[in-house]
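Undergrad: What follows is final-v5.cif; its format and atoms are mmCIF, C-alpha atoms and all ligand atoms.
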data_target
#
loop_
_atom_site.label_atom_id
_atom_site.label_comp_id
_atom_site.auth_asym_id
_atom_site.auth_seq_id
_atom_site.Cartn_x
_atom_site.Cartn_y
_atom_site.Cartn_z
CA MET A 2 -15.92 -15.91 2.62
CA PHE A 3 -16.81 -12.27 1.96
CA THR A 4 -20.35 -11.04 1.41
CA PRO A 5 -20.13 -9.05 -1.82
CA ARG A 6 -21.69 -5.60 -1.84
CA GLU A 7 -24.57 -4.96 -4.16
CA VAL A 8 -23.59 -2.03 -6.28
CA GLU A 9 -24.14 -0.90 -9.81
CA CYS A 10 -20.64 -0.09 -10.93
CA HIS A 11 -19.94 0.55 -14.57
CA VAL A 12 -16.32 0.93 -15.54
CA PRO A 13 -14.75 0.74 -18.97
CA THR A 14 -12.60 -2.25 -19.80
CA ALA A 15 -8.87 -2.46 -20.44
CA PRO A 16 -6.34 -5.34 -20.63
CA VAL A 17 -5.49 -6.90 -17.27
CA ILE A 18 -1.76 -6.84 -16.42
CA ARG A 19 -0.07 -10.24 -16.19
CA SER A 20 3.54 -11.14 -15.46
CA ASN A 21 4.11 -13.50 -18.41
CA VAL A 22 5.66 -10.97 -20.79
CA PRO A 23 9.49 -11.19 -20.52
CA GLY A 24 11.00 -7.73 -20.18
CA SER A 25 7.82 -6.21 -18.74
CA PHE A 26 7.81 -4.61 -15.29
CA ALA A 27 5.47 -7.30 -13.95
CA TRP A 28 7.77 -10.04 -15.24
CA SER A 29 10.78 -8.38 -13.55
CA VAL A 30 8.98 -8.38 -10.20
CA PHE A 31 8.74 -12.18 -10.26
CA HIS A 32 12.05 -12.93 -11.97
CA GLU A 33 14.36 -10.26 -10.53
CA ARG A 34 12.79 -8.71 -7.44
CA HIS A 35 11.37 -11.79 -5.72
CA PRO A 36 14.60 -13.87 -5.93
CA GLU A 37 16.46 -11.02 -4.26
CA LEU A 38 13.69 -10.55 -1.71
CA VAL A 39 13.71 -14.24 -0.79
CA GLN A 40 17.48 -14.19 -0.21
CA ARG A 41 17.14 -11.14 2.02
CA VAL A 42 14.38 -12.74 4.06
CA LEU A 43 16.43 -15.91 4.53
CA ARG A 44 19.45 -13.85 5.61
CA ALA A 45 17.51 -11.64 8.00
CA LEU A 46 16.09 -14.40 10.22
CA PRO A 47 17.53 -17.82 11.22
CA TYR A 48 14.80 -19.90 9.66
CA GLY A 49 15.42 -23.65 9.91
CA PRO A 50 15.90 -26.11 7.04
CA GLY A 51 12.14 -26.74 6.70
CA GLU A 52 11.18 -23.07 6.36
CA ARG A 53 14.13 -22.37 4.04
CA ALA A 54 13.28 -25.29 1.77
CA ARG A 55 9.63 -24.19 1.55
CA VAL A 56 10.63 -20.62 0.70
CA GLU A 57 13.04 -21.79 -2.04
CA GLN A 58 10.34 -24.13 -3.35
CA LEU A 59 7.91 -21.22 -3.54
CA LEU A 60 10.43 -19.19 -5.51
CA ALA A 61 10.94 -22.03 -7.98
CA GLU A 62 7.21 -22.61 -8.30
CA SER A 63 6.42 -18.93 -8.86
CA THR A 64 9.09 -18.44 -11.52
CA SER A 65 8.96 -21.70 -13.46
CA GLY A 66 6.20 -23.88 -12.01
CA VAL A 67 2.42 -23.82 -11.82
CA LEU A 68 0.04 -22.42 -9.22
CA GLU A 69 -0.49 -24.83 -6.34
CA PRO A 70 -3.23 -24.20 -3.78
CA LEU A 71 -2.65 -23.62 -0.06
CA PRO A 72 -2.64 -26.74 2.13
CA GLU A 73 -6.09 -27.87 3.26
CA SER A 74 -5.21 -26.95 6.83
CA ALA A 75 -4.95 -23.24 5.96
CA GLN A 76 -7.76 -21.33 7.59
CA ASP A 77 -8.27 -19.19 4.46
CA GLY A 78 -7.63 -22.15 2.11
CA ALA A 79 -11.24 -22.36 0.87
CA GLN A 80 -11.32 -18.61 0.22
CA TRP A 81 -8.15 -18.79 -1.88
CA LEU A 82 -9.43 -21.88 -3.72
CA ALA A 83 -12.43 -19.84 -4.79
CA TRP A 84 -10.38 -16.74 -5.68
CA GLY A 85 -8.11 -18.92 -7.80
CA GLU A 86 -10.80 -20.86 -9.62
CA GLY A 87 -9.59 -21.55 -13.15
CA LEU A 88 -5.97 -20.65 -12.28
CA TRP A 89 -4.75 -23.68 -10.33
CA GLY A 90 -2.28 -25.77 -12.28
CA ARG A 91 -1.47 -22.91 -14.65
CA PRO A 92 1.83 -20.95 -14.74
CA TRP A 93 1.94 -18.05 -12.29
CA GLY A 94 2.46 -15.58 -15.11
CA GLU A 95 -0.96 -16.37 -16.57
CA ALA A 96 -2.73 -15.12 -13.44
CA PRO A 97 -3.47 -11.40 -13.15
CA PHE A 98 -0.34 -9.67 -11.79
CA LEU A 99 -2.17 -8.29 -8.74
CA TRP A 100 -3.58 -11.73 -7.98
CA ALA A 101 -0.23 -13.49 -8.39
CA GLU A 102 1.72 -11.00 -6.28
CA SER A 103 -0.87 -11.15 -3.53
CA TYR A 104 -0.78 -14.95 -3.54
CA PHE A 105 3.03 -14.92 -3.47
CA TYR A 106 3.00 -12.98 -0.19
CA ARG A 107 0.31 -15.27 1.25
CA ARG A 108 2.39 -18.31 0.32
CA LEU A 109 5.56 -16.74 1.76
CA LEU A 110 3.80 -16.50 5.13
CA GLU A 111 2.77 -20.14 4.76
CA ALA A 112 6.36 -21.16 3.99
CA THR A 113 7.83 -19.28 6.95
CA GLY A 114 5.30 -20.74 9.39
CA TYR A 115 3.56 -17.43 10.11
CA PHE A 116 0.18 -19.17 10.39
CA GLY A 117 1.55 -22.52 11.60
CA ALA A 118 1.35 -24.09 15.03
CA GLY A 119 5.12 -23.83 15.61
CA ALA A 120 7.41 -21.23 17.11
CA TRP A 121 7.51 -19.08 13.96
CA ARG A 122 3.80 -18.40 14.30
CA GLY A 123 3.14 -14.66 14.15
CA VAL A 124 6.76 -13.75 13.31
CA ASP A 125 6.76 -11.06 10.62
CA PRO A 126 9.40 -12.15 8.04
CA PHE A 127 9.93 -8.50 7.14
CA ALA A 128 10.25 -7.24 10.73
CA PRO A 129 14.07 -6.87 10.63
CA PHE A 130 13.83 -4.54 7.58
CA LYS A 131 11.03 -2.51 9.10
CA ALA A 132 12.83 -2.16 12.43
CA ALA A 133 16.07 -1.06 10.74
CA GLU A 134 14.21 1.63 8.83
CA LEU A 135 12.23 2.91 11.80
CA GLY A 136 15.38 3.08 13.89
CA GLY A 137 17.44 4.68 11.11
CA ALA A 138 18.82 8.12 10.40
CA SER A 139 16.25 9.06 7.76
CA VAL A 140 13.47 8.75 10.33
CA ASP A 141 15.58 10.90 12.71
CA GLU A 142 15.64 13.56 9.99
CA GLU A 143 11.88 13.40 9.54
CA LEU A 144 11.40 13.71 13.27
CA ALA A 145 13.77 16.68 13.48
CA ALA A 146 11.69 18.49 10.84
CA LEU A 147 8.73 18.33 13.21
CA ALA A 148 10.42 20.95 15.45
CA ASP A 149 8.65 23.53 13.31
CA LEU A 150 5.35 21.65 13.28
CA ASP A 151 3.16 24.72 13.82
CA GLY A 152 4.80 26.39 10.82
CA LEU A 153 4.16 23.40 8.56
CA GLN A 154 1.34 23.97 6.08
CA ALA A 155 -1.27 21.37 5.26
CA GLU A 156 0.20 21.07 1.75
CA VAL A 157 3.62 20.21 3.19
CA LEU A 158 2.12 17.48 5.33
CA VAL A 159 0.39 15.95 2.32
CA ALA A 160 3.61 16.19 0.30
CA SER A 161 5.51 14.41 3.02
CA ALA A 162 2.88 11.63 3.26
CA LEU A 163 2.97 11.37 -0.53
CA TRP A 164 6.73 11.17 -0.99
CA GLY A 165 7.12 8.94 2.07
CA ASN A 166 5.65 6.33 -0.28
CA ARG A 167 8.67 6.66 -2.53
CA ALA A 168 10.86 4.54 -0.32
CA ASP A 169 8.97 1.31 0.26
CA LEU A 170 11.24 -1.62 0.99
CA SER A 171 10.09 -3.93 -1.81
CA PHE A 172 10.76 -1.16 -4.27
CA GLN A 173 14.26 -0.55 -2.92
CA ILE A 174 15.26 -4.10 -3.68
CA THR A 175 15.82 -3.43 -7.35
CA ALA A 176 15.41 0.32 -7.68
CA GLY A 177 18.77 1.17 -6.09
CA VAL A 178 18.34 4.35 -4.08
CA ALA A 179 14.58 4.45 -4.31
CA GLY A 180 13.41 6.97 -6.78
CA ALA A 181 16.75 8.76 -6.72
CA GLY A 182 16.89 12.03 -8.62
CA ALA A 183 14.53 14.93 -8.95
CA SER A 184 10.89 14.19 -8.43
CA GLU A 185 7.90 15.40 -10.37
CA LEU A 186 4.30 15.72 -9.31
CA LEU A 187 2.39 14.93 -12.49
CA VAL A 188 -1.13 15.63 -11.26
CA ASP A 189 -1.83 17.75 -8.20
CA GLU A 190 -5.43 17.88 -7.05
CA GLY A 191 -4.45 18.54 -3.45
CA ALA A 192 -6.45 21.78 -3.41
CA LEU A 193 -9.60 19.75 -4.09
CA LEU A 194 -8.79 17.45 -1.19
CA TRP A 195 -8.45 20.39 1.23
CA ALA A 196 -11.52 22.13 -0.16
CA GLU A 197 -13.62 19.02 0.49
CA LEU A 198 -12.29 18.62 4.02
CA LYS A 199 -12.87 22.29 4.81
CA HIS A 200 -16.33 22.17 3.30
CA ARG A 201 -17.37 19.28 5.57
CA PRO A 202 -15.21 19.62 8.71
CA GLY A 203 -15.51 17.37 11.74
CA GLY A 204 -16.58 14.22 9.90
CA LEU A 205 -14.96 10.83 9.46
CA VAL A 206 -11.76 10.64 7.42
CA CYS A 207 -10.38 7.22 6.47
CA LEU A 208 -6.71 6.73 5.63
CA VAL A 209 -5.71 3.44 4.03
CA ALA A 210 -2.06 3.02 4.98
CA ASP A 211 0.60 1.56 2.74
CA ASN A 212 4.14 1.15 4.07
CA ALA A 213 5.44 1.26 7.63
CA GLY A 214 8.48 3.31 8.64
CA ARG A 215 9.22 6.41 6.61
CA GLU A 216 5.75 6.40 5.10
CA LEU A 217 3.61 5.64 8.14
CA LEU A 218 5.35 8.33 10.16
CA PRO A 219 4.19 11.26 7.98
CA ASP A 220 0.78 9.54 7.64
CA LEU A 221 0.41 9.69 11.41
CA VAL A 222 1.57 13.32 11.50
CA LEU A 223 -1.09 14.12 8.88
CA ILE A 224 -3.74 12.35 10.96
CA ASP A 225 -2.69 14.34 14.02
CA PHE A 226 -3.02 17.54 11.97
CA LEU A 227 -6.52 16.64 10.71
CA LEU A 228 -7.72 15.95 14.24
CA ARG A 229 -6.01 19.00 15.75
CA GLN A 230 -7.44 21.34 13.12
CA GLY A 231 -10.92 19.86 13.52
CA LEU A 232 -10.90 18.97 9.82
CA ALA A 233 -11.69 15.42 10.94
CA GLY A 234 -13.72 14.58 14.02
CA ARG A 235 -12.60 10.98 13.77
CA VAL A 236 -10.00 9.18 11.70
CA VAL A 237 -9.96 5.50 10.84
CA LEU A 238 -6.50 4.28 9.89
CA TYR A 239 -6.65 1.00 7.98
CA VAL A 240 -3.65 -1.33 8.15
CA LYS A 241 -2.96 -4.83 6.84
CA PRO A 242 -4.07 -7.79 8.97
CA GLN A 243 -0.79 -9.61 8.25
CA PRO A 244 2.65 -8.91 6.71
CA TYR A 245 2.27 -8.13 3.02
CA PHE A 246 4.29 -6.67 0.13
CA VAL A 247 7.36 -6.50 2.41
CA SER A 248 6.87 -3.22 4.23
CA ASP A 249 3.09 -2.79 4.41
CA ALA A 250 2.03 -1.47 7.79
CA THR A 251 0.33 -3.71 10.34
CA MET A 252 -0.92 -2.86 13.85
CA ASP A 253 2.51 -3.77 15.27
CA ASP A 254 4.03 -1.14 13.01
CA VAL A 255 1.54 1.50 14.13
CA LEU A 256 2.39 0.82 17.76
CA ALA A 257 6.13 0.91 17.06
CA THR A 258 5.81 4.20 15.18
CA VAL A 259 3.70 5.89 17.84
CA GLU A 260 6.23 4.69 20.40
CA ARG A 261 9.08 6.10 18.27
CA LEU A 262 7.28 9.45 18.24
CA ARG A 263 6.62 9.37 21.99
CA ASN A 264 10.33 8.95 22.69
CA ALA A 265 11.58 11.26 19.96
CA GLN A 266 13.45 14.51 19.85
CA PRO A 267 12.32 17.28 19.42
CA ASP A 268 9.52 17.95 21.90
CA ALA A 269 7.05 18.67 19.08
CA ALA A 270 7.48 15.10 17.78
CA ARG A 271 6.93 13.73 21.28
CA GLU A 272 3.77 15.82 21.51
CA VAL A 273 2.47 14.28 18.27
CA GLY A 274 3.12 10.83 19.77
CA ARG A 275 1.36 11.78 22.99
CA ARG A 276 -1.68 13.16 21.13
CA LEU A 277 -1.93 10.08 18.89
CA TRP A 278 -1.79 7.83 21.93
CA GLN A 279 -4.62 9.80 23.55
CA ALA A 280 -6.60 9.83 20.31
CA MET A 281 -6.35 6.05 20.11
CA ARG A 282 -7.48 5.73 23.73
CA GLY A 283 -10.37 8.12 23.12
CA GLY A 284 -11.48 6.55 19.82
CA GLU A 285 -10.85 9.69 17.71
CA LEU A 286 -8.16 7.62 16.02
CA ASP A 287 -9.42 4.13 15.34
CA VAL A 288 -6.90 1.70 13.85
CA ARG A 289 -8.77 -0.99 11.99
CA THR A 290 -8.11 -3.82 9.60
CA HIS A 291 -10.02 -6.25 7.37
CA ALA A 292 -9.08 -9.49 5.59
CA PHE A 293 -9.94 -7.76 2.31
CA PHE A 294 -6.80 -5.61 2.55
CA CYS A 295 -4.76 -8.72 1.67
CA ALA A 296 -7.23 -10.00 -0.94
CA PRO A 297 -6.12 -10.25 -4.59
CA LEU A 298 -9.00 -8.08 -5.75
CA PRO A 299 -9.72 -4.50 -6.78
CA TYR A 300 -11.62 -2.25 -4.37
CA ARG A 301 -14.66 -2.32 -6.59
CA GLU A 302 -15.11 -5.92 -5.40
CA MET A 303 -14.87 -5.08 -1.72
CA PRO A 304 -17.34 -6.77 0.62
CA ALA A 305 -20.45 -5.05 1.96
CA ASP A 306 -19.23 -4.52 5.54
CA LEU A 307 -16.06 -2.71 4.45
CA ALA A 308 -17.95 -0.66 1.86
CA ALA A 309 -20.33 0.48 4.62
CA GLU A 310 -17.37 1.67 6.72
CA PHE A 311 -15.91 3.69 3.85
CA GLY A 312 -19.38 4.90 2.90
CA ALA A 313 -19.60 6.85 6.18
CA ALA A 314 -16.45 8.86 5.41
CA VAL A 315 -16.22 12.42 4.14
CA MET A 316 -12.99 11.43 2.44
CA THR A 317 -10.78 8.36 2.12
CA VAL A 318 -7.08 8.96 1.62
CA MET A 319 -5.61 6.03 -0.28
CA LYS A 320 -1.85 5.69 0.07
CA GLY A 321 0.66 4.17 -2.29
CA ASP A 322 1.03 2.22 -5.48
CA LEU A 323 -0.67 -1.03 -4.60
CA ASN A 324 -3.75 0.74 -3.23
CA TYR A 325 -3.86 2.75 -6.46
CA ARG A 326 -3.76 -0.42 -8.53
CA ARG A 327 -6.63 -1.83 -6.49
CA LEU A 328 -8.56 1.44 -6.65
CA VAL A 329 -8.51 1.94 -10.41
CA GLY A 330 -8.01 -1.72 -11.40
CA ASP A 331 -4.64 -3.28 -12.32
CA GLN A 332 -5.17 -2.74 -16.01
CA LEU A 333 -3.48 -1.03 -18.90
CA TRP A 334 -5.82 1.95 -19.12
CA PRO A 335 -5.18 4.63 -21.69
CA PRO A 336 -3.37 7.11 -19.37
CA THR A 337 -5.83 9.87 -20.26
CA THR A 338 -8.78 7.90 -18.83
CA ALA A 339 -10.48 10.12 -16.23
CA PHE A 340 -9.57 9.15 -12.66
CA GLY A 341 -13.21 9.49 -11.58
CA GLU A 342 -14.31 7.15 -14.35
CA VAL A 343 -12.40 4.22 -12.86
CA ALA A 344 -12.28 5.21 -9.17
CA GLY A 345 -15.80 6.60 -8.99
CA CYS A 346 -17.32 3.35 -7.68
CA PHE A 347 -15.52 3.81 -4.38
CA PRO A 348 -18.10 4.29 -1.60
CA SER A 349 -16.75 7.72 -0.48
CA SER A 350 -14.86 10.61 -1.98
CA VAL A 351 -11.32 9.41 -2.43
CA ALA A 352 -7.88 10.98 -2.72
CA ALA A 353 -5.02 8.85 -4.05
CA LEU A 354 -1.54 9.85 -2.86
CA ARG A 355 0.73 7.70 -4.97
CA THR A 356 4.26 7.60 -6.33
CA LEU A 357 4.35 5.67 -9.59
CA LYS A 358 5.91 2.21 -9.17
CA SER A 359 3.97 0.09 -11.64
CA ASP A 360 2.50 0.40 -15.13
CA VAL A 361 -0.99 1.52 -14.16
CA ILE A 362 -1.82 5.19 -14.60
CA VAL A 363 -4.92 7.26 -15.34
CA GLY A 364 -5.93 10.91 -15.17
CA MET A 365 -3.05 12.30 -17.24
CA ASP A 366 -3.15 14.92 -19.95
CA GLU A 367 -2.06 14.04 -23.47
CA ALA A 368 0.87 16.49 -23.59
CA THR A 369 2.46 15.15 -20.39
CA VAL A 370 2.08 11.56 -21.54
CA SER A 371 3.78 12.36 -24.88
CA ARG A 372 6.62 14.20 -23.14
CA LEU A 373 7.24 11.33 -20.70
CA ASP A 374 6.86 8.62 -23.35
CA GLY A 375 9.44 10.50 -25.42
CA SER A 376 11.97 10.50 -22.58
CA ASP A 377 14.42 7.65 -21.87
CA GLU A 378 13.01 7.03 -18.45
CA ALA A 379 10.70 4.21 -17.36
CA TRP A 380 8.53 6.95 -15.87
CA ARG A 381 5.67 4.68 -14.83
CA THR A 382 7.88 2.54 -12.60
CA SER A 383 10.92 4.61 -11.59
CA GLY A 384 9.30 6.00 -8.42
CA ARG A 385 10.32 9.54 -9.39
CA HIS A 386 6.84 10.64 -10.36
CA ALA A 387 3.74 11.03 -8.27
CA VAL A 388 0.10 11.99 -8.45
CA VAL A 389 -2.46 13.41 -6.05
CA GLN A 390 -5.80 12.57 -7.63
CA VAL A 391 -9.22 13.17 -6.15
CA SER A 392 -12.67 11.87 -6.97
CA VAL A 393 -15.49 13.63 -5.14
CA ARG A 394 -18.63 11.67 -4.46
CA THR A 395 -21.66 13.89 -4.82
O1 LIG B 1 4.34 0.12 -1.45
P1 LIG B 1 3.59 0.47 -2.67
O2 LIG B 1 3.65 1.93 -2.98
O3 LIG B 1 2.19 -0.03 -2.64
O4 LIG B 1 4.34 -0.21 -3.86
C1 LIG B 1 4.47 -1.56 -3.96
C2 LIG B 1 4.73 -1.84 -5.37
O5 LIG B 1 5.82 -2.70 -5.43
C3 LIG B 1 5.51 -3.73 -6.30
O6 LIG B 1 5.06 -4.81 -5.55
C4 LIG B 1 6.63 -4.21 -7.09
O7 LIG B 1 7.49 -4.88 -6.26
C5 LIG B 1 4.44 -3.19 -7.15
O8 LIG B 1 3.85 -4.17 -7.82
C6 LIG B 1 3.63 -2.52 -6.11
O9 LIG B 1 2.61 -1.86 -6.65
#
The structure given in the file should be rewritten as structure tokens.
TA:
Amino acid sequence: MFTPREVECHVPTAPVIRSNVPGSFAWSVFHERHPELVQRVLRALPYGPGERARVEQLLAESTSGVLEPLPESAQDGAQWLAWGEGLWGRPWGEAPFLWAESYFYRRLLEATGYFGAGAWRGVDPFAPFKAAELGGASVDEELAALADLDGLQAEVLVASALWGNRADLSFQITAGVAGAGASELLVDEGALLWAELKHRPGGLVCLVADNAGRELLPDLVLIDFLLRQGLAGRVVLYVKPQPYFVSDATMDDVLATVERLRNAQPDAAREVGRRLWQAMRGGELDVRTHAFFCAPLPYREMPADLAAEFGAAVMTVMKGDLNYRRLVGDQLWPPTTAFGEVAGCFPSSVAALRTLKSDVIVGMDEATVSRLDGSDEAWRTSGRHAVVQVSVRT
């Protein structure tokens, strides 16, 4: 069980997103995306009849059944029982969307034997997808671009870490070519991010990773840049403790990506890999994790020990859509709500680098919202739009 942090945190209220509204984005995740995801997982690895039956049962339960708790044998069973108090026995769609999605991934690991005593223990059900992406041509292209590393500006490195988030594997399942078409940066507070880092160079920078593969690669290049430029004296890279939301990065993915860099062409990419390896050995790059990163809760409910880690940072860079939902709260805020008003409880200054892949959005101006609402596009979920939003802790 987590020890909650004691913090006075006043945020406005807004309706919590749930997946029980047919036609809504959240509903489509459970009723369109997950069925496809489950089929892909069962095709990608030769799970036996027991695992397959449990996975299919989970799909049926999560689309038309009620929430069942984890088996008593699960080591985090008591924690989930407490998190789900009042929800057990109710349809999945009545639970908060963030809660239900998080529980779906926890149950998928249960079904595939990830935490069991058998041979599937520790086998990442999403590993075949992650490996295909890391070994693929698009990563080759990203690596080739590093030939001109010294000519690459800080802003370009942030842009590449930002748009790397566009192509997460869960999103690709129903988005077709992820976020295809021209992209648009709706809010760009990148200058504030750099100003803060330059104002307080040499401190601790935290980066909360999102996806492996095409996203983690530019994240690592950005970390290398921060260390090389002395903008950060130390970087903590936070990854998930277990497979989550399909392509979320774990320690295995960090090691595979650093290895990919160390064996890459051109030389400049290999050099990045070599420096990251040394930085990990020397402690300037510390890869860490915490059970809270797979908890069904917003960051404002993070436990005291994790809050203390973030509290020591000059800046935390928060990657991706899910981290954004947890940062501001998975709620239907009026889009013009100030980012700092809902993210300001975070223990350090924080910069969100996020492509929009769910309904939550804050920090927009009225004119942009009207323009986008007047267009035909599902702009909040299409993955074509992005924001760089910063809240500075004074
Ligand atoms: O990888 P990201 O950027 O966190 O995006 C994952 C997103 O995909 C979804 O799970 C939908 O499948 C969103 O709910 C979630 O926010």
Undergrad: Determine the nearest neighbour of ligand LIG 1 (chain B) from the options A:Val363, A:Cys295, A:Leu99, A:Ala265, counting only C-alpha atoms and all ligand atoms.
TA: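 Counting only C-alpha atoms and all ligand atoms, the residue closest to ligand LIG 1 (chain B) is A:Leu99.
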Undergrad: Extract, using only C-alpha atoms, all DNA, RNA and protein residues at most 7 Å from Asn166 in chain A, discarding same-chain residues fewer than 6 positions from it, and format them as a ChimeraX atom specification.
TA: /A:212,216,321,355-356
Undergrad: Calculate how many Å separate CA of Pro97 in chain A from CA of Glu33 in chain A, rounding to one decimal.
TA: 18.1 Å
Undergrad: Could you list, as a PyMOL selection string, all protein and nucleic acid residues with an atom at most 8 Å from ligand LIG 1 (chain B), counting all atoms listed in the file?
TA: chain A and resi 27+30+34-35+98-99+102+166-172+211-212+246+248-249+320-326+355-359
Undergrad: Write out as a PyMOL selection string each polymer residue whose atoms come within 9 Å of Leu187 in chain A, counting all atoms listed in the file; drop sequence neighbours fewer than 4 positions from it.
TA: chain A and resi 365+369+386-389
Undergrad: Can I get the residues of range 244-310 of chain A within 12 Å of range 339-350 of chain A, each with the closest pair of atoms and their distance in Å to one decimal, using only C-alpha atoms, sorted chain first then ascending number, as CSV?
TA:
residue,atom,partner,partner_atom,distance
A:Pro299,CA,A:Ala344,CA,10.3
A:Tyr300,CA,A:Phe347,CA,7.2
A:Arg301,CA,A:Cys346,CA,6.4
A:Glu302,CA,A:Phe347,CA,9.8
A:Met303,CA,A:Phe347,CA,9.3
A:Pro304,CA,A:Pro348,CA,11.3
A:Ala305,CA,A:Pro348,CA,10.3
A:Asp306,CA,A:Pro348,CA,11.4
A:Leu307,CA,A:Pro348,CA,9.5
A:Ala308,CA,A:Pro348,CA,6.0
A:Ala309,CA,A:Pro348,CA,7.6
A:Glu310,CA,A:Pro348,CA,8.8
Undergrad: For Glu143 in chain A, work out the shell of residues within 10 Å, counting all atoms listed in the file and skipping chain neighbours fewer than 5 positions away, then give it as a compact mmCIF listing (two decimals) with C-alpha atoms, in the frame of the given file.
TA:
# COMPACT_ATOMS: atom_id res chain seq x y z
CA ALA A 138 18.82 8.12 10.40
CA ALA A 148 10.42 20.95 15.45
CA SER A 161 5.51 14.41 3.02
CA GLY A 165 7.12 8.94 2.07
CA ARG A 215 9.22 6.41 6.61
CA LEU A 218 5.35 8.33 10.16
CA PRO A 219 4.19 11.26 7.98
CA ALA A 270 7.48 15.10 17.78
Undergrad: Smallest atom-to-atom distance to Thr338 in chain A: which of A:Val42, A:Met281, A:Ile362, A:Leu298, using all atoms listed in the file?
TA: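 Counting all atoms listed in the file, the residue closest to Thr338 in chain A is A:Ile362.
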Undergrad: For Ala15 in chain A, find every residue with an atom within 7 Å (counting only C-alpha atoms), except residues of its own chain fewer than 6 positions away, and show them as a ChimeraX atom specification.
TA: /A:332-334
Undergrad: Compile the contact shell of Ser65 in chain A as an MDAnalysis selection string: residues with an atom at most 9 Å away, counting only C-alpha atoms, same-chain residues fewer than 3 positions apart removed.
TA: chainID A and resid 60:62 92:93
